[in-house]
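Heads up: the structure comes next, in structure tokens.
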Amino acid sequence: MDDRSGSSEVTRLNPGVAHNARVWNYWLGGKDHYPADREVGERVFGMFPNIVHVARADRAFLGRVVNHLAGQAGVRQFLDIGTGLPTVDNTHEVAQRLAPESRIVYVDNDPLVLVHARALLTSTPEGATDYIDADARDTATILREAAGTLDFDRPVAVMLLGILNFILDTDEAAAIVRGLMDAVPSGSYLALTHPTLELGGEANVEAMRFWNEHATPPITARTGEEIARFFDGLEILDPGLVSCSLWRPEVPALREVGGLPAQISQYGALARKP
Ligand SMILES: C[S@@+](CC[C@H](N)C(=O)[O-])C[C@H]1O[C@@H](n2cnc3c(N)ncnc32)[C@H](O)[C@@H]1O
């Protein structure tokens, strides 16, 4: 990408060091990345080629989950934390296609996501979108600012897709989930995806070690058992905590034709707050 930012923005953008939001965009086939991001993206791909399937299956999961929430479940409010760079079918586009009055708040702490946030703020006139530049650990700020757009007396779908893996301490990650889910009423939802070394992800050990030496922020994988803890107190919907590619796939017979392995090493689930 071109860099036409001012010097202080360039410092925060830190183009010489690979950043997760930009490398994720590279694996998704986007165009918002720097040479350092492409180099690390390629090296990780060389060690763990399935990373591209992981990124794409995760986005496809997002689409199916939001379709279910905005459709059958009737949810009209979404808090999408760890949004990533704008891509095809962002949360508000999927939700507002079914329910134009949907209100969506995006949160990320990557400076380039902030630069591109305008593309996330293209709401329908009936609905609303907002963007908060904040760290997921700062749930107090997120909840306070999100309350300008979302009504916390009505159900909210909290979306934590591919982000808790950047909160290295499992207790801290669980506390973030608890803080968010305590703030939303009964009938709210938690959608979550998380990388694992299970489900065929064993080859990711080396790639994650390389990532942690050369890119930011540092990442961790978790077991299915550890990830299941994040859903404590919630009712996990069918089919449970599974490879996110196997979560209610729309066209099962075509999965492999599309080049996507049936199972990928990214757990995903959707749960309802009773
Ligand atoms: C793997 S991407 C996932 C993007 C999107 N949710 C998806 O599923 O396609 C993770 C995103 O989380 C953001 N992120 C990582 N750590 C974060 C933190 N502590 N607070 C807020 N955002 C964070 C990154 O900047 C990146 O955009």
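For the structure tokens, the naming scheme is as follows: chains receive sequential letters (A, B, ...) according to their order of presentation, residues are indexed from 1 within each chain, and ligands are indexed from 1 in presentation order.
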
Compute the set of protein, DNA and RNA residues whose minimum atom distance to ligand 1 is at most 7 Å, using only C-alpha atoms and all ligand atoms, and state it as a list in words.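 Protein and nucleic-acid residues within 7 Å of ligand 1: Asn20, Ala21, Trp24, Ala55, Asp58, Arg59, Leu62, Ile81, Gly82, Thr83, Gly84, Leu85, Val107, Asp108, Asn109, Asp110, Val113, Ala134, Asp135, Ala136, Arg137, Leu160, Leu161, Gly162, Ile163, Phe166, Ile167 and Pro217 of chain A.
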
Considering only C-alpha atoms, return as a list in words whatever protein or nucleic-acid residues lie within 12 Å of Asn212 of chain A, sequence-local ones (same chain, fewer than 6 positions apart) excluded.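 So, after excluding close chain neighbours, the residues are Val17, Ala18, His19, Asn20, Val40, Val44, Phe166, Leu168, Val205, Glu206, Pro218, Ile219, Thr220 and Ala221 of chain A.
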
File of the preceding selection, N, CA and C atoms, as a PDB file, in the first residue's frame:
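Written file, out_21.pdb:
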```pdb
ATOM      1  N   VAL A  17       7.461  -3.136  11.103  1.00  0.00           N
ATOM      2  CA  VAL A  17       7.202  -4.361  11.884  1.00  0.00           C
ATOM      3  C   VAL A  17       5.841  -4.917  11.474  1.00  0.00           C
ATOM      4  N   ALA A  18       5.775  -6.213  11.222  1.00  0.00           N
ATOM      5  CA  ALA A  18       4.506  -6.830  10.802  1.00  0.00           C
ATOM      6  C   ALA A  18       3.462  -6.716  11.908  1.00  0.00           C
ATOM      7  N   HIS A  19       2.257  -6.264  11.534  1.00  0.00           N
ATOM      8  CA  HIS A  19       1.144  -6.143  12.482  1.00  0.00           C
ATOM      9  C   HIS A  19       0.060  -7.132  12.101  1.00  0.00           C
ATOM     10  N   ASN A  20      -0.597  -7.686  13.103  1.00  0.00           N
ATOM     11  CA  ASN A  20      -1.571  -8.737  12.828  1.00  0.00           C
ATOM     12  C   ASN A  20      -2.680  -8.314  11.875  1.00  0.00           C
ATOM     13  N   VAL A  40       6.528 -11.427   6.554  1.00  0.00           N
ATOM     14  CA  VAL A  40       6.170 -12.332   7.664  1.00  0.00           C
ATOM     15  C   VAL A  40       5.005 -13.229   7.242  1.00  0.00           C
ATOM     16  N   VAL A  44       5.221 -17.286   7.443  1.00  0.00           N
ATOM     17  CA  VAL A  44       4.273 -18.095   8.225  1.00  0.00           C
ATOM     18  C   VAL A  44       3.553 -19.068   7.289  1.00  0.00           C
ATOM     19  N   PHE A 166      -4.642 -12.971  21.359  1.00  0.00           N
ATOM     20  CA  PHE A 166      -3.633 -11.933  21.604  1.00  0.00           C
ATOM     21  C   PHE A 166      -3.626 -11.498  23.069  1.00  0.00           C
ATOM     22  N   LEU A 168      -2.549 -13.044  26.208  1.00  0.00           N
ATOM     23  CA  LEU A 168      -1.779 -14.259  26.437  1.00  0.00           C
ATOM     24  C   LEU A 168      -2.166 -14.985  27.727  1.00  0.00           C
ATOM     25  N   VAL A 205       2.924 -24.668  15.577  1.00  0.00           N
ATOM     26  CA  VAL A 205       3.806 -24.333  16.710  1.00  0.00           C
ATOM     27  C   VAL A 205       4.973 -23.485  16.226  1.00  0.00           C
ATOM     28  N   GLU A 206       5.641 -23.982  15.194  1.00  0.00           N
ATOM     29  CA  GLU A 206       6.823 -23.301  14.664  1.00  0.00           C
ATOM     30  C   GLU A 206       6.455 -21.935  14.107  1.00  0.00           C
ATOM     31  N   PRO A 218       2.086 -10.385  20.154  1.00  0.00           N
ATOM     32  CA  PRO A 218       2.356 -11.819  20.327  1.00  0.00           C
ATOM     33  C   PRO A 218       1.063 -12.625  20.448  1.00  0.00           C
ATOM     34  N   ILE A 219       1.149 -13.875  20.017  1.00  0.00           N
ATOM     35  CA  ILE A 219      -0.061 -14.717  19.906  1.00  0.00           C
ATOM     36  C   ILE A 219       0.094 -15.994  20.727  1.00  0.00           C
ATOM     37  N   THR A 220      -1.027 -16.580  21.116  1.00  0.00           N
ATOM     38  CA  THR A 220      -1.003 -17.910  21.729  1.00  0.00           C
ATOM     39  C   THR A 220      -2.160 -18.746  21.176  1.00  0.00           C
ATOM     40  N   ALA A 221      -1.934 -20.061  21.131  1.00  0.00           N
ATOM     41  CA  ALA A 221      -3.028 -20.990  20.790  1.00  0.00           C
ATOM     42  C   ALA A 221      -3.607 -21.506  22.102  1.00  0.00           C
TER      43      ALA A 221
END
```

When DSSP works through the backbone of this structure, what residues of segment 16-201 of chain A end up as helix (DSSP H, G or I), shown as a VMD selection string? chain A and resid 20 to 27 35 to 47 51 to 70 91 to 98 111 to 115 117 to 120 139 to 146 164 to 166 170 to 182

Taking only C-alpha atoms into account, which of A:Phe231, A:Tyr26, A:Phe78, A:Tyr131 comes nearest Leu150 of chain A?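 Once distances to Leu150 of chain A are computed over only C-alpha atoms, the minimum belongs to A:Phe78.
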
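Residues of segment 211-240 of chain A that DSSP places in strand (DSSP E), based on the backbone of this structure, are Ala215, Thr216, Glu235 and Ile236 of chain A.
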
Taking N, CA and C atoms for each residue, export the selection above as a tab-separated table (two decimals), in the first residue's frame.
```tsv
chain	number	residue	atom	x	y	z
A	215	ALA	N	6.86	-10.33	14.80
A	215	ALA	CA	5.65	-9.57	14.50
A	215	ALA	C	4.94	-9.19	15.80
A	216	THR	N	3.90	-8.42	15.65
A	216	THR	CA	3.16	-7.93	16.82
A	216	THR	C	1.66	-7.94	16.53
A	235	GLU	N	-25.17	-20.59	27.08
A	235	GLU	CA	-25.68	-21.80	26.41
A	235	GLU	C	-25.13	-21.85	24.99
A	236	ILE	N	-24.23	-22.81	24.76
A	236	ILE	CA	-23.62	-22.91	23.42
A	236	ILE	C	-24.63	-23.54	22.45
```

Can you work out which one of A:Pro195, A:Pro249, A:Gly233, A:Gly200 has the shortest atom-to-atom distance to Tyr267 of chain A, counting only C-alpha atoms?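 When distances to Tyr267 of chain A are compared using only C-alpha atoms, the smallest one comes from A:Pro195.
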
Using only C-alpha atoms, find the one residue out of A:Trp211, A:Trp247, A:Phe230, A:Phe45 that sits nearest to Ile264 of chain A.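 Going through A:Trp211, A:Trp247, A:Phe230, A:Phe45 one by one, the smallest distance to Ile264 of chain A is for A:Trp247.
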
Interatomic distance (Å, one decimal) between atom CA of Gly240 of chain A and atom CA of Ala73 of chain A: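 Atom CA of Ala73 of chain A lies at a distance of 16.6 Å from atom CA of Gly240 of chain A.
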
Polymer residues at most 10 Å from Gly74 of chain A, only C-alpha atoms, same-chain spacing of 6 or more positions, as a PyMOL selection string: chain A and resi 67-68+98-99+102+155

Generate the output file for the selected residues, all heavy atoms, as a compact mmCIF listing (two decimals), in the first residue's frame.
```txt
# COMPACT_ATOMS: atom_id res chain seq x y z
N ASN A 67 -25.47 -13.73 9.98
CA ASN A 67 -26.72 -14.04 9.27
C ASN A 67 -27.72 -14.69 10.22
O ASN A 67 -28.90 -14.35 10.23
CB ASN A 67 -26.44 -15.03 8.13
CG ASN A 67 -26.40 -14.31 6.80
OD1 ASN A 67 -27.22 -13.42 6.54
ND2 ASN A 67 -25.44 -14.67 5.97
N HIS A 68 -27.23 -15.64 11.03
CA HIS A 68 -28.12 -16.31 11.98
C HIS A 68 -28.65 -15.31 13.01
O HIS A 68 -29.85 -15.29 13.33
CB HIS A 68 -27.39 -17.45 12.69
CG HIS A 68 -28.20 -18.04 13.81
ND1 HIS A 68 -29.23 -18.93 13.59
CD2 HIS A 68 -28.18 -17.81 15.15
CE1 HIS A 68 -29.80 -19.24 14.75
NE2 HIS A 68 -29.18 -18.57 15.71
N LEU A 98 -29.93 -7.96 6.14
CA LEU A 98 -31.14 -8.63 6.63
C LEU A 98 -32.01 -7.70 7.45
O LEU A 98 -33.24 -7.79 7.43
CB LEU A 98 -30.74 -9.82 7.52
CG LEU A 98 -30.25 -11.06 6.80
CD1 LEU A 98 -29.72 -12.06 7.80
CD2 LEU A 98 -31.37 -11.67 5.99
N ALA A 99 -31.37 -6.83 8.22
CA ALA A 99 -32.11 -5.95 9.13
C ALA A 99 -31.45 -4.56 9.08
O ALA A 99 -30.50 -4.30 9.83
CB ALA A 99 -32.06 -6.51 10.56
N SER A 102 -30.07 -2.44 12.06
CA SER A 102 -29.02 -2.96 12.95
C SER A 102 -28.00 -1.89 13.30
O SER A 102 -27.63 -1.06 12.47
CB SER A 102 -28.30 -4.14 12.30
OG SER A 102 -29.20 -5.18 12.06
N PRO A 155 -30.72 -6.93 23.82
CA PRO A 155 -29.68 -7.91 23.50
C PRO A 155 -28.60 -7.36 22.56
O PRO A 155 -28.88 -6.60 21.64
CB PRO A 155 -30.46 -9.03 22.81
CG PRO A 155 -31.84 -8.93 23.38
CD PRO A 155 -32.08 -7.45 23.59
```

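Shortest separation to Ala147 of chain A among A:Gln77, A:Asn204, A:Thr196, A:Ser123 occurs at residue A:Gln77, atoms counted being only C-alpha atoms.
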
Which of A:Leu79, A:Val88, A:Val115, A:Ala36 sits closest to Arg103 of chain A [using only C-alpha atoms]: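 Going through A:Leu79, A:Val88, A:Val115, A:Ala36 one by one, the smallest distance to Arg103 of chain A is for A:Leu79.
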
If we count only C-alpha atoms and set the cut-off at 9 Å, which residues sit around Pro239 of chain A, ignoring sequence neighbours fewer than 4 positions away in its own chain? Please answer as a list in words.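 Answer for this query is Leu246, Trp247, Arg248 and Ala269 of chain A.
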
Write a file of the selected residues as a tab-separated table (two decimals), in the first residue's frame, keeping C-alpha atoms.
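Dumped to out-v1.tsv:
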```tsv
chain	number	residue	atom	x	y	z
A	246	LEU	CA	-17.79	-26.94	10.36
A	247	TRP	CA	-20.11	-24.52	12.14
A	248	ARG	CA	-23.36	-24.81	10.15
A	269	ALA	CA	-18.87	-21.22	18.60
```

Can you pull out the residues contacting Leu143 of chain A? Cut-off 10 Å, using only C-alpha atoms, and skip same-chain residues under 3 positions away; I want them as a list in words. Leu79, Asp138, Thr139, Ala140, Ala146, Ala147, Gly148, Leu150, Phe152, Gly179, Leu180, Ala183 and Val184 of chain A

Can those selected residues be exported to a file as a PDB file, in the first residue's frame so that it contains N, CA, C and O atoms?
```pdb
ATOM      1  N   LEU A  79     -21.446  -5.828  18.894  1.00  0.00           N
ATOM      2  CA  LEU A  79     -20.221  -5.213  19.400  1.00  0.00           C
ATOM      3  C   LEU A  79     -19.072  -6.101  18.931  1.00  0.00           C
ATOM      4  O   LEU A  79     -18.846  -7.186  19.473  1.00  0.00           O
ATOM      5  N   ASP A 138      -9.391  -2.896  27.767  1.00  0.00           N
ATOM      6  CA  ASP A 138     -10.015  -1.723  28.383  1.00  0.00           C
ATOM      7  C   ASP A 138     -11.537  -1.799  28.212  1.00  0.00           C
ATOM      8  O   ASP A 138     -12.160  -0.984  27.536  1.00  0.00           O
ATOM      9  N   THR A 139     -12.128  -2.790  28.871  1.00  0.00           N
ATOM     10  CA  THR A 139     -13.568  -3.015  28.673  1.00  0.00           C
ATOM     11  C   THR A 139     -14.390  -1.837  29.197  1.00  0.00           C
ATOM     12  O   THR A 139     -15.460  -1.554  28.662  1.00  0.00           O
ATOM     13  N   ALA A 140     -13.879  -1.130  30.202  1.00  0.00           N
ATOM     14  CA  ALA A 140     -14.643   0.001  30.747  1.00  0.00           C
ATOM     15  C   ALA A 140     -14.829   1.073  29.666  1.00  0.00           C
ATOM     16  O   ALA A 140     -15.946   1.563  29.444  1.00  0.00           O
ATOM     17  N   ALA A 146     -19.365   2.538  23.664  1.00  0.00           N
ATOM     18  CA  ALA A 146     -20.341   1.795  22.855  1.00  0.00           C
ATOM     19  C   ALA A 146     -21.765   2.169  23.245  1.00  0.00           C
ATOM     20  O   ALA A 146     -22.694   2.107  22.415  1.00  0.00           O
ATOM     21  N   ALA A 147     -21.948   2.597  24.501  1.00  0.00           N
ATOM     22  CA  ALA A 147     -23.293   2.956  24.984  1.00  0.00           C
ATOM     23  C   ALA A 147     -23.852   4.174  24.243  1.00  0.00           C
ATOM     24  O   ALA A 147     -25.056   4.431  24.291  1.00  0.00           O
ATOM     25  N   GLY A 148     -22.979   4.896  23.518  1.00  0.00           N
ATOM     26  CA  GLY A 148     -23.465   6.002  22.691  1.00  0.00           C
ATOM     27  C   GLY A 148     -24.245   5.501  21.475  1.00  0.00           C
ATOM     28  O   GLY A 148     -25.033   6.243  20.873  1.00  0.00           O
ATOM     29  N   LEU A 150     -25.163   1.716  21.246  1.00  0.00           N
ATOM     30  CA  LEU A 150     -25.926   0.503  21.586  1.00  0.00           C
ATOM     31  C   LEU A 150     -26.726   0.732  22.865  1.00  0.00           C
ATOM     32  O   LEU A 150     -26.268   1.426  23.770  1.00  0.00           O
ATOM     33  N   PHE A 152     -27.766  -0.982  26.043  1.00  0.00           N
ATOM     34  CA  PHE A 152     -27.370  -2.173  26.800  1.00  0.00           C
ATOM     35  C   PHE A 152     -28.518  -2.766  27.625  1.00  0.00           C
ATOM     36  O   PHE A 152     -28.310  -3.701  28.394  1.00  0.00           O
ATOM     37  N   GLY A 179     -16.473  -9.627  31.749  1.00  0.00           N
ATOM     38  CA  GLY A 179     -16.815  -8.200  31.882  1.00  0.00           C
ATOM     39  C   GLY A 179     -17.785  -7.766  30.804  1.00  0.00           C
ATOM     40  O   GLY A 179     -18.730  -7.003  31.062  1.00  0.00           O
ATOM     41  N   LEU A 180     -17.574  -8.252  29.597  1.00  0.00           N
ATOM     42  CA  LEU A 180     -18.449  -7.866  28.483  1.00  0.00           C
ATOM     43  C   LEU A 180     -19.818  -8.527  28.619  1.00  0.00           C
ATOM     44  O   LEU A 180     -20.862  -7.876  28.470  1.00  0.00           O
ATOM     45  N   ALA A 183     -22.212  -7.157  31.092  1.00  0.00           N
ATOM     46  CA  ALA A 183     -22.775  -5.838  30.757  1.00  0.00           C
ATOM     47  C   ALA A 183     -23.972  -5.932  29.806  1.00  0.00           C
ATOM     48  O   ALA A 183     -24.619  -4.921  29.534  1.00  0.00           O
ATOM     49  N   VAL A 184     -24.228  -7.135  29.282  1.00  0.00           N
ATOM     50  CA  VAL A 184     -25.327  -7.273  28.313  1.00  0.00           C
ATOM     51  C   VAL A 184     -26.457  -8.113  28.923  1.00  0.00           C
ATOM     52  O   VAL A 184     -26.203  -8.967  29.787  1.00  0.00           O
TER      53      VAL A 184
END
```

Need to verify the contact set: Asp182 of chain A, 10 Å, only C-alpha atoms, exclusion of same-chain residues closer than 5 positions in sequence. Can you return it as an mmCIF file with all heavy atoms, in the first residue's frame?
```
data_model
loop_
_atom_site.group_PDB
_atom_site.id
_atom_site.type_symbol
_atom_site.label_atom_id
_atom_site.label_comp_id
_atom_site.auth_asym_id
_atom_site.auth_seq_id
_atom_site.Cartn_x
_atom_site.Cartn_y
_atom_site.Cartn_z
ATOM 1 N N ILE A 176 -12.028 -10.638 30.520
ATOM 2 C CA ILE A 176 -12.538 -9.721 29.483
ATOM 3 C C ILE A 176 -13.914 -10.202 29.010
ATOM 4 O O ILE A 176 -14.873 -9.437 28.930
ATOM 5 C CB ILE A 176 -11.547 -9.641 28.292
ATOM 6 C CG1 ILE A 176 -10.268 -8.909 28.729
ATOM 7 C CG2 ILE A 176 -12.192 -8.964 27.079
ATOM 8 C CD1 ILE A 176 -9.153 -8.938 27.705
ATOM 9 N N VAL A 177 -14.005 -11.501 28.724
ATOM 10 C CA VAL A 177 -15.289 -12.052 28.264
ATOM 11 C C VAL A 177 -16.365 -11.849 29.330
ATOM 12 O O VAL A 177 -17.477 -11.394 29.039
ATOM 13 C CB VAL A 177 -15.169 -13.562 27.929
ATOM 14 C CG1 VAL A 177 -16.511 -14.114 27.477
ATOM 15 C CG2 VAL A 177 -14.116 -13.800 26.863
ATOM 16 N N LYS A 273 -26.733 -15.906 26.112
ATOM 17 C CA LYS A 273 -26.784 -15.650 27.556
ATOM 18 C C LYS A 273 -28.204 -15.950 28.038
ATOM 19 O O LYS A 273 -29.167 -15.360 27.540
ATOM 20 C CB LYS A 273 -26.430 -14.185 27.848
ATOM 21 C CG LYS A 273 -26.436 -13.858 29.334
ATOM 22 C CD LYS A 273 -25.862 -12.469 29.614
ATOM 23 C CE LYS A 273 -25.997 -12.122 31.089
ATOM 24 N NZ LYS A 273 -25.348 -10.867 31.446
#
```
